[in-house]
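Participant: structure.txt (compact mmCIF, C-alpha atoms) pasted underneath:
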```
# COMPACT_ATOMS: atom_id res chain seq x y z
CA MET A 1 139.22 169.58 18.38
CA GLU A 2 138.64 170.42 22.03
CA MET A 3 141.21 173.19 21.99
CA GLY A 4 139.79 174.74 18.82
CA LEU A 5 143.16 174.80 17.08
CA LEU A 6 144.02 173.13 13.81
CA PRO A 7 147.12 170.90 13.50
CA ASP A 8 148.90 173.58 11.45
CA GLU A 9 148.21 176.15 14.15
CA LEU A 10 149.54 173.87 16.86
CA LEU A 11 152.67 173.22 14.80
CA ALA A 12 153.18 176.96 14.32
CA LEU A 13 152.92 177.49 18.08
CA TYR A 14 155.42 174.70 18.71
CA ARG A 15 157.86 176.21 16.21
CA GLN A 16 157.52 179.55 17.96
CA MET A 17 158.37 177.96 21.31
CA VAL A 18 161.42 176.25 19.79
CA LEU A 19 162.51 179.55 18.23
CA ILE A 20 162.36 181.22 21.64
CA ARG A 21 164.38 178.39 23.19
CA ARG A 22 167.06 178.53 20.48
CA LEU A 23 167.41 182.31 20.72
CA GLU A 24 167.79 182.09 24.49
CA GLU A 25 170.41 179.37 24.18
CA LYS A 26 172.36 181.50 21.70
CA SER A 27 171.99 184.50 24.00
CA THR A 28 173.57 182.49 26.80
CA GLN A 29 176.57 181.74 24.60
CA LEU A 30 176.97 185.38 23.59
CA TYR A 31 176.60 186.57 27.18
CA THR A 32 179.23 184.11 28.38
CA ALA A 33 181.53 185.32 25.61
CA GLY A 34 181.12 188.91 26.84
CA GLN A 35 179.27 190.13 23.74
CA ILE A 36 176.06 191.02 25.61
CA GLY A 37 176.38 193.71 28.25
CA GLY A 38 174.33 194.32 31.37
CA PHE A 39 171.95 191.69 32.70
CA LEU A 40 170.46 188.74 30.84
CA HIS A 41 167.21 187.24 32.12
CA LEU A 42 166.39 184.09 30.14
CA TYR A 43 162.94 182.73 29.34
CA ILE A 44 163.97 179.10 29.05
CA GLY A 45 161.26 176.79 30.38
CA GLU A 46 158.46 179.38 30.20
CA GLU A 47 158.02 179.52 26.43
CA ALA A 48 154.50 178.08 26.39
CA ILE A 49 153.16 180.92 28.55
CA ALA A 50 154.11 183.69 26.14
CA VAL A 51 153.16 181.76 23.01
CA GLY A 52 149.79 180.71 24.41
CA ALA A 53 148.94 184.14 25.80
CA CYS A 54 149.89 186.02 22.64
CA LYS A 55 147.80 183.60 20.60
CA ALA A 56 144.81 184.60 22.73
CA ILE A 57 144.99 188.37 22.23
CA HIS A 58 144.31 190.60 19.24
CA PRO A 59 147.12 192.33 17.31
CA ASP A 60 145.85 195.73 18.51
CA ASP A 61 145.66 194.71 22.18
CA HIS A 62 148.31 196.12 24.50
CA LEU A 63 151.07 194.05 26.08
CA PHE A 64 153.23 194.94 29.09
CA THR A 65 155.90 192.63 30.49
CA ALA A 66 158.61 192.60 33.12
CA TYR A 67 162.33 192.28 32.39
CA ARG A 68 162.24 188.61 31.28
CA ASP A 69 161.00 189.76 27.90
CA HIS A 70 162.88 188.10 25.01
CA GLY A 71 160.34 185.30 24.67
CA TRP A 72 157.40 187.69 24.87
CA ALA A 73 158.90 189.87 22.15
CA ILE A 74 159.16 186.90 19.81
CA ALA A 75 155.69 185.63 20.68
CA ARG A 76 154.26 189.09 20.02
CA GLY A 77 155.71 189.03 16.51
CA LEU A 78 158.88 191.12 16.76
CA ASP A 79 161.72 190.20 14.39
CA PRO A 80 164.07 187.73 16.16
CA GLY A 81 167.01 189.20 14.28
CA ARG A 82 166.29 192.67 15.66
CA ILE A 83 165.78 191.21 19.14
CA LEU A 84 169.22 189.64 18.97
CA ALA A 85 170.63 192.91 17.64
CA GLU A 86 169.17 194.69 20.66
CA LEU A 87 170.87 192.23 23.00
CA LEU A 88 174.15 192.99 21.25
CA GLY A 89 173.62 196.75 21.59
CA LYS A 90 173.31 197.39 17.85
CA ALA A 91 171.45 200.34 16.35
CA THR A 92 169.33 197.89 14.35
CA GLY A 93 167.84 196.50 17.56
CA VAL A 94 164.17 196.86 18.44
CA SER A 95 165.01 199.68 20.86
CA GLY A 96 167.87 201.13 18.85
CA GLY A 97 170.42 199.19 20.84
CA LYS A 98 169.83 201.38 23.89
CA GLY A 99 167.52 199.11 25.87
CA GLY A 100 169.31 195.81 25.90
CA SER A 101 167.89 192.66 27.45
CA MET A 102 165.31 194.24 29.75
CA HIS A 103 163.80 196.93 27.53
CA MET A 104 162.35 195.32 24.42
CA ALA A 105 159.47 197.34 22.95
CA SER A 106 157.61 198.00 19.72
CA ALA A 107 154.86 200.57 19.19
CA GLU A 108 153.95 198.80 15.95
CA HIS A 109 153.05 195.66 17.90
CA HIS A 110 151.50 197.52 20.86
CA TYR A 111 154.23 195.96 22.97
CA TRP A 112 155.21 198.45 25.65
CA GLY A 113 158.12 196.61 27.19
CA GLY A 114 160.26 195.20 28.91
CA HIS A 115 160.52 196.99 32.32
CA ALA A 116 163.58 196.55 34.51
CA ILE A 117 162.08 197.89 37.75
CA VAL A 118 160.02 195.18 39.43
CA GLY A 119 156.32 196.01 39.18
CA ALA A 120 156.81 199.44 37.60
CA HIS A 121 154.77 198.46 34.56
CA LEU A 122 151.64 197.50 36.49
CA PRO A 123 150.37 201.08 37.04
CA LEU A 124 151.18 201.82 33.39
CA ALA A 125 149.07 198.88 32.24
CA THR A 126 146.23 200.01 34.50
CA GLY A 127 146.51 203.51 33.04
CA VAL A 128 146.36 202.23 29.47
CA GLY A 129 143.32 200.16 30.46
CA LEU A 130 141.68 203.35 31.76
CA ALA A 131 142.48 205.13 28.48
CA VAL A 132 140.96 202.27 26.48
CA GLN A 133 137.80 202.40 28.59
CA TYR A 134 137.57 206.20 28.44
CA ARG A 135 137.89 206.21 24.64
CA GLU A 136 135.46 203.30 24.35
CA GLU A 137 137.95 201.33 22.26
CA ASP A 138 137.60 197.62 21.57
CA GLN A 139 140.95 196.64 23.06
CA ALA A 140 142.30 194.74 26.05
CA VAL A 141 145.52 195.04 28.06
CA LEU A 142 147.64 192.04 29.03
CA CYS A 143 150.04 192.76 31.88
CA VAL A 144 152.59 190.04 32.64
CA LEU A 145 154.45 189.84 35.95
CA GLY A 146 156.45 187.39 38.01
CA GLU A 147 155.13 185.98 41.28
CA GLY A 148 157.72 188.00 43.22
CA THR A 149 155.89 191.16 42.14
CA THR A 150 152.82 190.14 44.15
CA ASN A 151 154.64 191.25 47.31
CA ILE A 152 154.90 194.93 46.38
CA GLY A 153 152.48 197.83 46.62
CA TYR A 154 152.21 198.44 42.88
CA PHE A 155 150.59 195.03 42.51
CA HIS A 156 147.77 195.61 45.00
CA GLU A 157 147.19 199.23 43.97
CA SER A 158 146.98 198.37 40.28
CA LEU A 159 144.67 195.39 40.75
CA ASN A 160 142.46 197.34 43.12
CA LEU A 161 141.87 200.20 40.67
CA ALA A 162 141.50 197.86 37.69
CA ALA A 163 138.81 195.90 39.55
CA LEU A 164 137.12 198.98 41.02
CA TRP A 165 136.81 200.69 37.64
CA LYS A 166 136.23 197.41 35.76
CA LEU A 167 139.10 198.09 33.37
CA PRO A 168 139.89 195.76 30.43
CA VAL A 169 143.16 194.59 31.98
CA VAL A 170 144.29 190.98 32.46
CA PHE A 171 147.11 190.47 34.99
CA LEU A 172 149.03 187.31 34.18
CA VAL A 173 151.31 186.01 36.96
CA GLU A 174 154.18 183.78 35.84
CA ASN A 175 155.09 181.70 38.87
CA ASN A 176 158.51 180.12 38.31
CA GLN A 177 158.86 179.53 42.07
CA TYR A 178 161.74 181.99 42.51
CA GLY A 179 161.89 185.75 42.97
CA MET A 180 165.39 187.16 42.43
CA GLY A 181 166.89 183.85 43.53
CA THR A 182 164.71 183.40 46.61
CA GLN A 183 162.42 180.37 46.65
CA VAL A 184 158.76 181.32 47.09
CA ALA A 185 158.29 179.35 50.34
CA ARG A 186 161.11 181.36 51.98
CA ARG A 187 159.43 184.74 51.44
CA GLN A 188 155.68 184.25 51.84
CA PRO A 189 153.53 181.86 53.90
CA CYS A 190 151.11 180.96 51.11
CA PRO A 191 152.49 178.44 48.57
CA THR A 192 150.81 180.19 45.63
CA SER A 193 150.96 183.79 44.42
CA LEU A 194 147.19 184.16 44.27
CA ARG A 195 146.60 184.74 47.94
CA ARG A 196 143.27 185.38 49.65
CA ASP A 197 143.68 189.14 49.60
CA VAL A 198 144.01 189.05 45.82
CA HIS A 199 140.80 187.07 45.42
CA THR A 200 138.91 189.74 47.33
CA ILE A 201 140.04 192.35 44.79
CA SER A 202 139.62 190.63 41.44
CA PRO A 203 138.66 187.15 40.17
CA ALA A 204 141.71 184.90 39.79
CA LEU A 205 142.11 181.83 37.61
CA PRO A 206 145.04 179.43 38.01
CA LEU A 207 146.32 178.31 34.60
CA THR A 208 148.27 175.27 33.42
CA ASP A 209 149.67 174.26 30.05
CA LYS A 210 146.34 172.52 29.39
CA THR A 211 144.01 175.42 30.23
CA PHE A 212 145.99 178.06 28.34
CA TRP A 213 144.82 176.84 24.96
CA LYS A 214 141.17 177.38 25.89
CA PHE A 215 141.68 181.13 25.78
CA THR A 216 140.67 183.04 22.66
CA PRO A 217 140.91 186.70 21.62
CA GLU A 218 137.21 186.98 22.55
CA SER A 219 137.75 185.58 26.05
CA THR A 220 140.08 188.45 26.98
CA ARG A 221 137.14 190.81 26.60
CA HIS A 222 134.88 189.10 29.15
```
Kindly return the structure encoded in the file as C-alpha cells.
Facilitator:
Amino acid sequence: MEMGLLPDELLALYRQMVLIRRLEEKSTQLYTAGQIGGFLHLYIGEEAIAVGACKAIHPDDHLFTAYRDHGWAIARGLDPGRILAELLGKATGVSGGKGGSMHMASAEHHYWGGHAIVGAHLPLATGVGLAVQYREEDQAVLCVLGEGTTNIGYFHESLNLAALWKLPVVFLVENNQYGMGTQVARRQPCPTSLRRDVHTISPALPLTDKTFWKFTPESTRH
C-alpha cells in the first residue's frame, strides 16, 4: 500500500478517531448539564491530526499540546475513562482531577500537557529538545499549537532556537481558521500560518489528511 499501513491498522486509526468524537460529544452534554467546570475546548473535526501524528512518533518521544487536548490525550494512549474523570474533576482523573479540560498530562506516556496559556508550552518543548540533544538520546519532541499562536513572541523565539541549535523538535500548527473566535483573515494579512518569516527560520511543510499518513516514527528524526 502507498501509505504503508495495513487494513487493520487503518481500521484501528479510524476507531480511535471515532472514540475521540464520541468522548467530545459526551463532554458537550456534561458541560451543558453543568457537570464539567471551567472551560471546555473541543477537538471535534480535528481528530485525524492527533491520530495521524501520534501514529508517527515513538512511545518514548515527547508530546506537548495546547489547551485543546482531549483528543491528543486519547491518541497518545491515555485511558479515556480517566480523561473523562479529569473533566468531571474526579481524583481518578489523569491529573488527579485538578487540571480539568486544559491540563491533561501523563509522565508514563511522555505527554506533558495540556497548557492553558497560549504558546507557553513552546519554550518548554524547545527546552526538552535541548535536553534530548545534550544527553544524546534517541528521542524527538512533537509540539502542537494552534495557528493563533504564530502571532506571539514565544513562537518565533522557540522556532529560532530550535533551528539554530538543530534540536529534535517538530512544531505542528493546527490551523482551524480561528484564534479565540477571530477568523484568521481578520488578524493577519497572510492567509496561512506559515508566513515568510517562519520559512527563513526553519523548513515548513504544509500537511493535509493525505500527506499525514506518509509520516513514520523514523521520519520525525530527520
Participant: Determine, using all atoms listed in the file, which residues of region 16-66 of chain A have any atom at most 12 Å from an atom of region 126-142 of chain A, and tabulate each with its shortest atom pair and distance in Å to one decimal place, rows ordered by chain and then rising number, as JSON lines.
Facilitator:
```
{"residue": "A:Ala50", "atom": "CA", "partner": "A:Leu142", "partner_atom": "CA", "distance": 11.0}
{"residue": "A:Ala53", "atom": "CA", "partner": "A:Leu142", "partner_atom": "CA", "distance": 8.6}
{"residue": "A:Cys54", "atom": "CA", "partner": "A:Leu142", "partner_atom": "CA", "distance": 9.1}
{"residue": "A:Lys55", "atom": "CA", "partner": "A:Leu142", "partner_atom": "CA", "distance": 11.9}
{"residue": "A:Ala56", "atom": "CA", "partner": "A:Leu142", "partner_atom": "CA", "distance": 10.2}
{"residue": "A:Ile57", "atom": "CA", "partner": "A:Ala140", "partner_atom": "CA", "distance": 7.9}
{"residue": "A:His58", "atom": "CA", "partner": "A:Gln139", "partner_atom": "CA", "distance": 7.9}
{"residue": "A:Pro59", "atom": "CA", "partner": "A:Gln139", "partner_atom": "CA", "distance": 9.5}
{"residue": "A:Asp60", "atom": "CA", "partner": "A:Gln139", "partner_atom": "CA", "distance": 6.7}
{"residue": "A:Asp61", "atom": "CA", "partner": "A:Ala140", "partner_atom": "CA", "distance": 5.1}
{"residue": "A:His62", "atom": "CA", "partner": "A:Val141", "partner_atom": "CA", "distance": 4.7}
{"residue": "A:Leu63", "atom": "CA", "partner": "A:Leu142", "partner_atom": "CA", "distance": 5.0}
{"residue": "A:Phe64", "atom": "CA", "partner": "A:Leu142", "partner_atom": "CA", "distance": 6.3}
{"residue": "A:Thr65", "atom": "CA", "partner": "A:Leu142", "partner_atom": "CA", "distance": 8.4}
{"residue": "A:Ala66", "atom": "CA", "partner": "A:Leu142", "partner_atom": "CA", "distance": 11.7}
```
Participant: Work out how far CA of Ala120 (chain A) is from CA of Tyr154 (chain A), in Å to one decimal.
Facilitator: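 Taking CA of Tyr154 (chain A) and CA of Ala120 (chain A), their separation equals 7.1 Å.
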Participant: Counting all atoms listed in the file, what is within 10 Å of region 32-42 of chain A, bar same-chain residues fewer than 3 positions away, as a JSON list (two decimals) with C-alpha atoms, in the frame of the given file?
Facilitator:
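This went into selection11.json:
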```json
[["chain", "number", "residue", "atom", "x", "y", "z"],
["A", 20, "ILE", "CA", 162.36, 181.22, 21.64],
["A", 21, "ARG", "CA", 164.38, 178.39, 23.19],
["A", 23, "LEU", "CA", 167.41, 182.31, 20.72],
["A", 24, "GLU", "CA", 167.79, 182.09, 24.49],
["A", 25, "GLU", "CA", 170.41, 179.37, 24.18],
["A", 26, "LYS", "CA", 172.36, 181.50, 21.70],
["A", 27, "SER", "CA", 171.99, 184.50, 24.00],
["A", 28, "THR", "CA", 173.57, 182.49, 26.80],
["A", 29, "GLN", "CA", 176.57, 181.74, 24.60],
["A", 45, "GLY", "CA", 161.26, 176.79, 30.38],
["A", 46, "GLU", "CA", 158.46, 179.38, 30.20],
["A", 67, "TYR", "CA", 162.33, 192.28, 32.39],
["A", 68, "ARG", "CA", 162.24, 188.61, 31.28],
["A", 69, "ASP", "CA", 161.00, 189.76, 27.90],
["A", 70, "HIS", "CA", 162.88, 188.10, 25.01],
["A", 71, "GLY", "CA", 160.34, 185.30, 24.67],
["A", 84, "LEU", "CA", 169.22, 189.64, 18.97],
["A", 85, "ALA", "CA", 170.63, 192.91, 17.64],
["A", 86, "GLU", "CA", 169.17, 194.69, 20.66],
["A", 87, "LEU", "CA", 170.87, 192.23, 23.00],
["A", 88, "LEU", "CA", 174.15, 192.99, 21.25],
["A", 89, "GLY", "CA", 173.62, 196.75, 21.59],
["A", 99, "GLY", "CA", 167.52, 199.11, 25.87],
["A", 100, "GLY", "CA", 169.31, 195.81, 25.90],
["A", 101, "SER", "CA", 167.89, 192.66, 27.45],
["A", 102, "MET", "CA", 165.31, 194.24, 29.75],
["A", 116, "ALA", "CA", 163.58, 196.55, 34.51]]
```
Participant: Separation of CA of Gly153 (chain A) and CA of Gln177 (chain A), in Å?
Facilitator: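 Going from CA of Gly153 (chain A) over to CA of Gln177 (chain A), I get 19.9 Å.
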Participant: What's the 7 Å shell around Glu147 (chain A), counting only C-alpha atoms, without same-chain residues fewer than 4 positions away, as a PyMOL selection string?
Facilitator: chain A and resi 173-175+179+193
Participant: Name the closest residue to Ile49 (chain A) among the candidates A:Leu159, A:Leu30, A:Ala75, A:Ala105; distances are taken between atoms, counting all atoms listed in the file.
Facilitator: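 That would be A:Ala75, the residue with the smallest distance to Ile49 (chain A).
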Participant: Check the smallest atom-to-atom distance from each of A:Leu124, A:Val51, A:Ala91, A:Met180 to Arg76 (chain A) using all atoms listed in the file, then report the winner.
Facilitator: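 Closest to Arg76 (chain A), using all atoms listed in the file: A:Val51.
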Participant: Using only C-alpha atoms, find the one residue out of A:Val18, A:Val184, A:Ala107, A:Ile83 that sits nearest to Gly148 (chain A).
Facilitator: A:Val184
Participant: Between A:Gly96, A:Gly4, A:Asn176, A:His121, single out the one closest to Glu47 (chain A), counting all atoms listed in the file.
Facilitator: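 Using all atoms listed in the file, the shortest distance to Glu47 (chain A) belongs to A:Asn176.
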Participant: Can you work out the spacing between CA of Ser158 (chain A) and CA of Tyr111 (chain A) in Å, to one decimal?
Facilitator: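 Going from CA of Ser158 (chain A) over to CA of Tyr111 (chain A), I get 18.9 Å.
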Participant: Kindly indicate which residue among A:Ala73, A:Leu122, A:Ala185, A:Val144 lies nearest to His156 (chain A), using only C-alpha atoms for the distances.
Facilitator: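 Of A:Ala73, A:Leu122, A:Ala185, A:Val144, the one nearest His156 (chain A) is A:Leu122, counting only C-alpha atoms.
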Participant: Between A:Leu78, A:Gly114, A:Thr182, A:Leu172, which has the minimum distance to Gly52 (chain A) (counting all atoms listed in the file)?
Facilitator: A:Leu172
